[in-house]
$ cat coords10.pdb   # PDB, C-alpha atoms, pLDDT in the B column
MODEL        1
ATOM      1  CA  MET A  19     132.686  80.181  87.868  1.00 52.00           C
ATOM      2  CA  THR A  20     130.353  80.848  85.015  1.00 64.00           C
ATOM      3  CA  ASN A  21     128.307  83.894  84.184  1.00 74.00           C
ATOM      4  CA  ILE A  22     125.041  82.120  85.054  1.00 73.00           C
ATOM      5  CA  TYR A  23     126.374  81.245  88.509  1.00 71.00           C
ATOM      6  CA  ASN A  24     127.492  84.860  88.988  1.00 77.00           C
ATOM      7  CA  LEU A  25     123.984  86.026  88.063  1.00 78.00           C
ATOM      8  CA  PHE A  26     122.436  83.693  90.643  1.00 77.00           C
ATOM      9  CA  LYS A  27     124.989  84.836  93.235  1.00 76.00           C
ATOM     10  CA  PHE A  28     124.089  88.455  92.521  1.00 81.00           C
ATOM     11  CA  LEU A  29     120.370  87.697  92.957  1.00 79.00           C
ATOM     12  CA  GLU A  30     121.097  85.873  96.197  1.00 78.00           C
ATOM     13  CA  ASP A  31     123.186  88.733  97.580  1.00 81.00           C
ATOM     14  CA  LYS A  32     120.890  91.564  96.456  1.00 83.00           C
ATOM     15  CA  LYS A  33     117.420  90.019  96.512  1.00 78.00           C
ATOM     16  CA  GLY A  34     117.749  87.084  98.903  1.00 74.00           C
ATOM     17  CA  LYS A  35     116.923  84.560  96.153  1.00 78.00           C
ATOM     18  CA  LYS A  36     118.524  81.196  96.909  1.00 82.00           C
ATOM     19  CA  ILE A  37     120.861  79.779  94.263  1.00 79.00           C
ATOM     20  CA  PRO A  38     119.267  76.636  92.779  1.00 84.00           C
ATOM     21  CA  PHE A  39     120.934  73.415  93.930  1.00 90.00           C
ATOM     22  CA  LYS A  40     121.449  72.243  90.337  1.00 90.00           C
ATOM     23  CA  PHE A  41     123.549  75.285  89.507  1.00 83.00           C
ATOM     24  CA  LYS A  42     125.580  75.007  92.704  1.00 86.00           C
ATOM     25  CA  LEU A  43     126.216  71.335  91.968  1.00 91.00           C
ATOM     26  CA  ILE A  44     127.333  71.943  88.384  1.00 87.00           C
ATOM     27  CA  HIS A  45     129.127  75.277  88.693  1.00 82.00           C
ATOM     28  CA  ALA A  46     130.246  75.631  92.325  1.00 83.00           C
ATOM     29  CA  PRO A  47     129.999  72.360  94.271  1.00 89.00           C
ATOM     30  CA  GLU A  48     132.326  73.745  96.939  1.00 89.00           C
ATOM     31  CA  THR A  49     129.510  76.127  97.975  1.00 87.00           C
ATOM     32  CA  ILE A  50     127.009  73.350  98.794  1.00 92.00           C
ATOM     33  CA  GLU A  51     125.934  73.466 102.418  1.00 91.00           C
ATOM     34  CA  LYS A  52     124.005  71.006 104.589  1.00 93.00           C
ATOM     35  CA  GLU A  53     120.711  72.864 104.059  1.00 92.00           C
ATOM     36  CA  ASP A  54     121.108  72.467 100.274  1.00 93.00           C
ATOM     37  CA  LEU A  55     120.939  68.664 100.509  1.00 96.00           C
ATOM     38  CA  ASN A  56     117.121  68.511 100.631  1.00 96.00           C
ATOM     39  CA  VAL A  57     115.848  69.151  97.107  1.00 96.00           C
ATOM     40  CA  GLU A  58     112.097  69.775  97.167  1.00 93.00           C
ATOM     41  CA  GLY A  59     111.259  68.711  93.597  1.00 94.00           C
ATOM     42  CA  GLY A  60     112.999  66.694  90.927  1.00 97.00           C
ATOM     43  CA  LEU A  61     116.589  67.066  89.790  1.00 97.00           C
ATOM     44  CA  ASP A  62     117.315  66.675  86.081  1.00 97.00           C
ATOM     45  CA  LEU A  63     121.057  66.330  85.510  1.00 97.00           C
ATOM     46  CA  ARG A  64     120.965  64.198  82.342  1.00 97.00           C
ATOM     47  CA  ASP A  65     123.597  64.989  79.725  1.00 96.00           C
ATOM     48  CA  THR A  66     125.581  67.172  82.146  1.00 94.00           C
ATOM     49  CA  GLU A  67     129.267  66.848  83.042  1.00 91.00           C
ATOM     50  CA  ILE A  68     128.404  65.915  86.636  1.00 93.00           C
ATOM     51  CA  THR A  69     130.792  63.330  88.126  1.00 92.00           C
ATOM     52  CA  SER A  70     129.586  63.069  91.740  1.00 93.00           C
ATOM     53  CA  LEU A  71     126.831  63.923  94.185  1.00 96.00           C
ATOM     54  CA  PRO A  72     127.192  64.873  97.871  1.00 95.00           C
ATOM     55  CA  ASP A  73     126.550  62.341 100.637  1.00 94.00           C
ATOM     56  CA  ASN A  74     123.169  62.431 102.349  1.00 96.00           C
ATOM     57  CA  LEU A  75     121.371  63.987  99.370  1.00 98.00           C
ATOM     58  CA  THR A  76     117.571  63.810  99.385  1.00 98.00           C
ATOM     59  CA  VAL A  77     115.617  64.511  96.195  1.00 98.00           C
ATOM     60  CA  LYS A  78     111.878  64.458  96.854  1.00 98.00           C
ATOM     61  CA  GLY A  79     111.013  64.026  93.163  1.00 98.00           C
ATOM     62  CA  ASP A  80     112.795  62.207  90.338  1.00 98.00           C
ATOM     63  CA  LEU A  81     116.580  62.140  89.908  1.00 98.00           C
ATOM     64  CA  ASP A  82     117.715  61.826  86.293  1.00 98.00           C
ATOM     65  CA  LEU A  83     121.429  61.104  85.786  1.00 98.00           C
ATOM     66  CA  LYS A  84     121.127  59.595  82.286  1.00 98.00           C
ATOM     67  CA  LYS A  85     124.246  60.043  80.139  1.00 97.00           C
ATOM     68  CA  THR A  86     126.296  61.747  82.842  1.00 97.00           C
ATOM     69  CA  LYS A  87     129.898  60.965  83.766  1.00 95.00           C
ATOM     70  CA  ILE A  88     128.917  59.822  87.245  1.00 95.00           C
ATOM     71  CA  SER A  89     130.480  56.505  88.247  1.00 92.00           C
ATOM     72  CA  SER A  90     129.310  56.161  91.856  1.00 93.00           C
ATOM     73  CA  LEU A  91     126.450  57.322  94.028  1.00 97.00           C
ATOM     74  CA  PRO A  92     126.718  58.799  97.530  1.00 97.00           C
ATOM     75  CA  ASP A  93     125.771  56.915 100.665  1.00 96.00           C
ATOM     76  CA  ASN A  94     122.334  57.668 102.092  1.00 97.00           C
ATOM     77  CA  LEU A  95     120.898  58.883  98.772  1.00 98.00           C
ATOM     78  CA  LYS A  96     117.116  59.208  98.975  1.00 98.00           C
ATOM     79  CA  VAL A  97     114.996  59.719  95.863  1.00 98.00           C
ATOM     80  CA  GLY A  98     111.229  60.100  96.204  1.00 98.00           C
ATOM     81  CA  GLY A  99     110.447  59.328  92.571  1.00 98.00           C
ATOM     82  CA  PHE A 100     112.391  57.411  89.936  1.00 98.00           C
ATOM     83  CA  LEU A 101     116.186  57.194  89.710  1.00 98.00           C
ATOM     84  CA  ASN A 102     117.488  57.085  86.145  1.00 98.00           C
ATOM     85  CA  LEU A 103     121.056  55.789  85.807  1.00 98.00           C
ATOM     86  CA  ARG A 104     120.837  54.757  82.139  1.00 98.00           C
ATOM     87  CA  ASP A 105     124.027  55.116  80.128  1.00 97.00           C
ATOM     88  CA  THR A 106     126.259  55.814  83.143  1.00 97.00           C
ATOM     89  CA  LYS A 107     129.328  54.044  84.497  1.00 96.00           C
ATOM     90  CA  ILE A 108     127.624  53.043  87.772  1.00 95.00           C
ATOM     91  CA  SER A 109     129.132  49.698  88.779  1.00 92.00           C
ATOM     92  CA  PHE A 110     127.956  49.427  92.406  1.00 91.00           C
ATOM     93  CA  LEU A 111     125.207  50.854  94.578  1.00 95.00           C
ATOM     94  CA  PRO A 112     125.741  52.773  97.823  1.00 97.00           C
ATOM     95  CA  ASP A 113     124.676  52.052 101.387  1.00 97.00           C
ATOM     96  CA  ASN A 114     121.140  53.072 102.327  1.00 98.00           C
ATOM     97  CA  LEU A 115     119.900  53.871  98.807  1.00 98.00           C
ATOM     98  CA  THR A 116     116.175  54.586  98.923  1.00 98.00           C
ATOM     99  CA  VAL A 117     114.134  54.977  95.726  1.00 98.00           C
ATOM    100  CA  GLY A 118     110.407  55.678  95.981  1.00 98.00           C
ATOM    101  CA  GLY A 119     109.774  54.894  92.324  1.00 98.00           C
ATOM    102  CA  SER A 120     111.560  52.759  89.757  1.00 98.00           C
ATOM    103  CA  LEU A 121     115.289  52.330  89.194  1.00 98.00           C
ATOM    104  CA  TYR A 122     116.537  52.434  85.590  1.00 98.00           C
ATOM    105  CA  LEU A 123     119.912  50.765  84.958  1.00 97.00           C
ATOM    106  CA  LYS A 124     120.025  50.049  81.201  1.00 96.00           C
ATOM    107  CA  ASN A 125     123.540  50.299  79.719  1.00 96.00           C
ATOM    108  CA  THR A 126     125.389  50.343  83.047  1.00 96.00           C
ATOM    109  CA  PRO A 127     128.154  47.980  84.209  1.00 96.00           C
ATOM    110  CA  LEU A 128     125.741  46.712  86.893  1.00 93.00           C
ATOM    111  CA  VAL A 129     123.482  45.004  84.349  1.00 93.00           C
ATOM    112  CA  ASP A 130     126.448  43.140  82.870  1.00 92.00           C
ATOM    113  CA  LYS A 131     127.158  41.541  86.262  1.00 93.00           C
ATOM    114  CA  TYR A 132     123.815  41.177  88.037  1.00 94.00           C
ATOM    115  CA  SER A 133     120.175  40.301  87.403  1.00 93.00           C
ATOM    116  CA  GLU A 134     117.315  42.550  88.516  1.00 93.00           C
ATOM    117  CA  GLU A 135     116.702  40.228  91.483  1.00 94.00           C
ATOM    118  CA  GLN A 136     120.385  40.291  92.509  1.00 95.00           C
ATOM    119  CA  ILE A 137     120.418  44.096  92.320  1.00 96.00           C
ATOM    120  CA  LYS A 138     117.286  44.316  94.480  1.00 95.00           C
ATOM    121  CA  GLN A 139     118.846  41.939  97.013  1.00 96.00           C
ATOM    122  CA  MET A 140     122.106  43.932  97.017  1.00 95.00           C
ATOM    123  CA  ILE A 141     120.215  47.159  97.740  1.00 97.00           C
ATOM    124  CA  GLU A 142     118.281  45.553 100.594  1.00 97.00           C
ATOM    125  CA  GLU A 143     121.427  44.011 102.110  1.00 97.00           C
ATOM    126  CA  LYS A 144     122.976  47.494 102.193  1.00 97.00           C
ATOM    127  CA  GLY A 145     120.008  48.911 104.113  1.00 97.00           C
ATOM    128  CA  GLY A 146     118.182  50.383 101.126  1.00 97.00           C
ATOM    129  CA  GLU A 147     114.940  49.913  99.251  1.00 97.00           C
ATOM    130  CA  VAL A 148     113.459  50.372  95.772  1.00 97.00           C
ATOM    131  CA  LYS A 149     109.670  50.628  95.984  1.00 97.00           C
ATOM    132  CA  GLY A 150     109.103  50.477  92.235  1.00 96.00           C
ATOM    133  CA  SER A 151     110.526  48.189  89.577  1.00 96.00           C
ATOM    134  CA  ILE A 152     114.155  47.754  88.620  1.00 96.00           C
ATOM    135  CA  TYR A 153     114.747  47.945  84.865  1.00 96.00           C
ATOM    136  CA  THR A 154     117.926  46.535  83.349  1.00 93.00           C
TER     137      THR A 154
ENDMDL
END
$ encode --input "coords10.pdb" --output "structure tokens"
Amino acid sequence: MTNIYNLFKFLEDKKGKKIPFKFKLIHAPETIEKEDLNVEGGLDLRDTEITSLPDNLTVKGDLDLKKTKISSLPDNLKVGGFLNLRDTKISFLPDNLTVGGSLYLKNTPLVDKYSEEQIKQMIEEKGGEVKGSIYT
């Protein structure tokens, strides 16, 4: 674990301050608990080494995964704002993906295989929805 995580852990233990989800996800994913899976605001993970997200994650704001090493998304992912997957290796979309804003897919394997309309249809067939536009 890193020094920053240890600092947050100290503050949690001594002052009752909750460790931010982003730092748990990046530095100690094994410590993520069910109550951590509801992120109140946005989650900016662009340019991080993140490779996965936990199932049943809800982000009430935007979720930015641009230029990460992530190659798949978890089932039941809910994003209240936009979902940015630009410059990732995402090649398929999960079951029950819900995006309240737009979905950005430029420079992903998905755009090499499917049109915007096909992607929208695929999401709907898997029980999901994108309320905004889909950009390829």
$ residues_around --input "coords10.pdb" --residues "Arg64 (chain A)" --least-positions-apart "3" --cutoff "10 Å" --atoms "all atoms listed in the file" --output "ChimeraX atom specification"
/A:61,67-68,81-87,102-106
$ atom_distance --input "coords10.pdb" --atom1 "CA of Asp73 (chain A)" --atom2 "CA of Lys27 (chain A)"
23.7 Å
$ closest_residue --input "coords10.pdb" --among "A:Gly98, A:Pro127, A:Gly119, A:Pro92" --to "Pro72 (chain A)" --atoms "only C-alpha atoms"
A:Pro92
$ residues_around --input "coords10.pdb" --residues "Gly145 (chain A)" --least-positions-apart "2" --cutoff "6 Å" --atoms "all atoms listed in the file" --output "MDAnalysis selection string"
chainID A and resid 114 142:143
$ write_last_selection --input "coords10.pdb" --atoms "C-alpha atoms" --output "short mmCIF file (atom, residue, chain, number, x, y, z; two decimals), in the frame of the given file"
data_model
loop_
_atom_site.label_atom_id
_atom_site.label_comp_id
_atom_site.auth_asym_id
_atom_site.auth_seq_id
_atom_site.Cartn_x
_atom_site.Cartn_y
_atom_site.Cartn_z
CA ASN A 114 121.14 53.07 102.33
CA GLU A 142 118.28 45.55 100.59
CA GLU A 143 121.43 44.01 102.11
#
$ closest_atom_pairs --input "coords10.pdb" --of "region 33-130 of chain A" --to "region 147-151 of chain A" --cutoff "7 Å" --atoms "all atoms listed in the file" --output "CSV"
residue,atom,partner,partner_atom,distance
A:Leu115,CA,A:Glu147,CA,6.4
A:Thr116,CA,A:Glu147,CA,4.8
A:Val117,CA,A:Val148,CA,4.7
A:Gly118,CA,A:Lys149,CA,5.1
A:Gly119,CA,A:Gly150,CA,4.5
A:Ser120,CA,A:Gly150,CA,4.2
A:Leu121,CA,A:Ser151,CA,6.3
$ atom_distance --input "coords10.pdb" --atom1 "CA of Ile22 (chain A)" --atom2 "CA of Lys107 (chain A)"
28.4 Å
$ resolve_selection --input "coords10.pdb" --expression "the PyMOL selection byres ((chain A and resi 38-50) around 9)" --output "list in words"
Met19, Thr20, Ile22, Tyr23, Phe26, Lys35, Lys36, Ile37, Glu51, Lys52, Glu53, Asp54, Leu55, Val57, Leu61, Asp62, Leu63, Thr66, Glu67, Ile68, Ser70, Leu71 and Pro72 of chain A
$ atom_distance --input "coords10.pdb" --atom1 "CA of Leu75 (chain A)" --atom2 "CA of Gly60 (chain A)"
12.2 Å
$ closest_residue --input "coords10.pdb" --among "A:Tyr122, A:Gly79, A:Asn74, A:Lys138" --to "Leu91 (chain A)" --atoms "all atoms listed in the file"
A:Asn74
$ axis_aligned_box --input "coords10.pdb" --around "region 88-95 of chain A" --padding-each-side "8 Å" --output "lines of an AutoDock Vina configuration file"
center_x = 125.7
center_y = 58.0
center_z = 94.7
size_x = 25.6
size_y = 19.7
size_z = 30.8
$ closest_residue --input "coords10.pdb" --among "A:Val129, A:Met140, A:Ile88, A:Val97" --to "Pro112 (chain A)" --atoms "only C-alpha atoms"
A:Met140
$ residues_near_point --input "coords10.pdb" --point "(117.5, 44.4, 86.0)" --cutoff "7 Å" --atoms "all atoms listed in the file" --output "list in words"
Leu123, Val129, Ser133, Glu134, Glu135, Ile137, Ile152, Tyr153 and Thr154 of chain A
$ write_last_selection --input "coords10.pdb" --atoms "C-alpha atoms" --output "PDB file, in the frame of the given file"
ATOM      1  CA  LEU A 123     119.912  50.765  84.958  1.00 97.00           C
ATOM      2  CA  VAL A 129     123.482  45.004  84.349  1.00 93.00           C
ATOM      3  CA  SER A 133     120.175  40.301  87.403  1.00 93.00           C
ATOM      4  CA  GLU A 134     117.315  42.550  88.516  1.00 93.00           C
ATOM      5  CA  GLU A 135     116.702  40.228  91.483  1.00 94.00           C
ATOM      6  CA  ILE A 137     120.418  44.096  92.320  1.00 96.00           C
ATOM      7  CA  ILE A 152     114.155  47.754  88.620  1.00 96.00           C
ATOM      8  CA  TYR A 153     114.747  47.945  84.865  1.00 96.00           C
ATOM      9  CA  THR A 154     117.926  46.535  83.349  1.00 93.00           C
TER      10      THR A 154
END
$ build_atoms --input "coords10.pdb" --residues "region 110-128 of chain A" --atoms "N, CA and C atoms" --output "tab-separated table (two decimals), in the frame of the given file"
chain	number	residue	atom	x	y	z
A	110	PHE	N	128.41	49.92	91.10
A	110	PHE	CA	127.96	49.43	92.41
A	110	PHE	C	126.97	50.43	92.98
A	111	LEU	N	126.21	49.99	93.96
A	111	LEU	CA	125.21	50.85	94.58
A	111	LEU	C	125.61	51.15	96.02
A	112	PRO	N	125.27	52.34	96.50
A	112	PRO	CA	125.74	52.77	97.82
A	112	PRO	C	124.93	52.19	98.97
A	113	ASP	N	125.41	52.42	100.18
A	113	ASP	CA	124.68	52.05	101.39
A	113	ASP	C	123.44	52.94	101.52
A	114	ASN	N	122.36	52.34	101.98
A	114	ASN	CA	121.14	53.07	102.33
A	114	ASN	C	120.51	53.83	101.16
A	115	LEU	N	120.56	53.27	99.97
A	115	LEU	CA	119.90	53.87	98.81
A	115	LEU	C	118.40	53.63	98.91
A	116	THR	N	117.62	54.70	98.87
A	116	THR	CA	116.18	54.59	98.92
A	116	THR	C	115.59	55.25	97.68
A	117	VAL	N	114.78	54.48	96.94
A	117	VAL	CA	114.13	54.98	95.73
A	117	VAL	C	112.64	54.72	95.86
A	118	GLY	N	111.85	55.80	95.83
A	118	GLY	CA	110.41	55.68	95.98
A	118	GLY	C	109.70	55.20	94.73
A	119	GLY	N	110.34	55.35	93.59
A	119	GLY	CA	109.77	54.89	92.32
A	119	GLY	C	110.62	53.78	91.75
A	120	SER	N	110.78	53.80	90.44
A	120	SER	CA	111.56	52.76	89.76
A	120	SER	C	113.01	53.16	89.59
A	121	LEU	N	113.86	52.15	89.39
A	121	LEU	CA	115.29	52.33	89.19
A	121	LEU	C	115.63	51.85	87.79
A	122	TYR	N	116.20	52.73	86.98
A	122	TYR	CA	116.54	52.43	85.59
A	122	TYR	C	118.05	52.27	85.45
A	123	LEU	N	118.48	51.09	85.00
A	123	LEU	CA	119.91	50.76	84.96
A	123	LEU	C	120.41	50.33	83.58
A	124	LYS	N	119.63	50.50	82.54
A	124	LYS	CA	120.02	50.05	81.20
A	124	LYS	C	121.36	50.68	80.79
A	125	ASN	N	122.22	49.87	80.20
A	125	ASN	CA	123.54	50.30	79.72
A	125	ASN	C	124.45	50.80	80.84
A	126	THR	N	124.44	50.08	81.97
A	126	THR	CA	125.39	50.34	83.05
A	126	THR	C	126.19	49.07	83.29
A	127	PRO	N	127.39	49.18	83.87
A	127	PRO	CA	128.15	47.98	84.21
A	127	PRO	C	127.42	47.03	85.16
A	128	LEU	N	126.50	47.55	85.96
A	128	LEU	CA	125.74	46.71	86.89
A	128	LEU	C	124.95	45.63	86.17
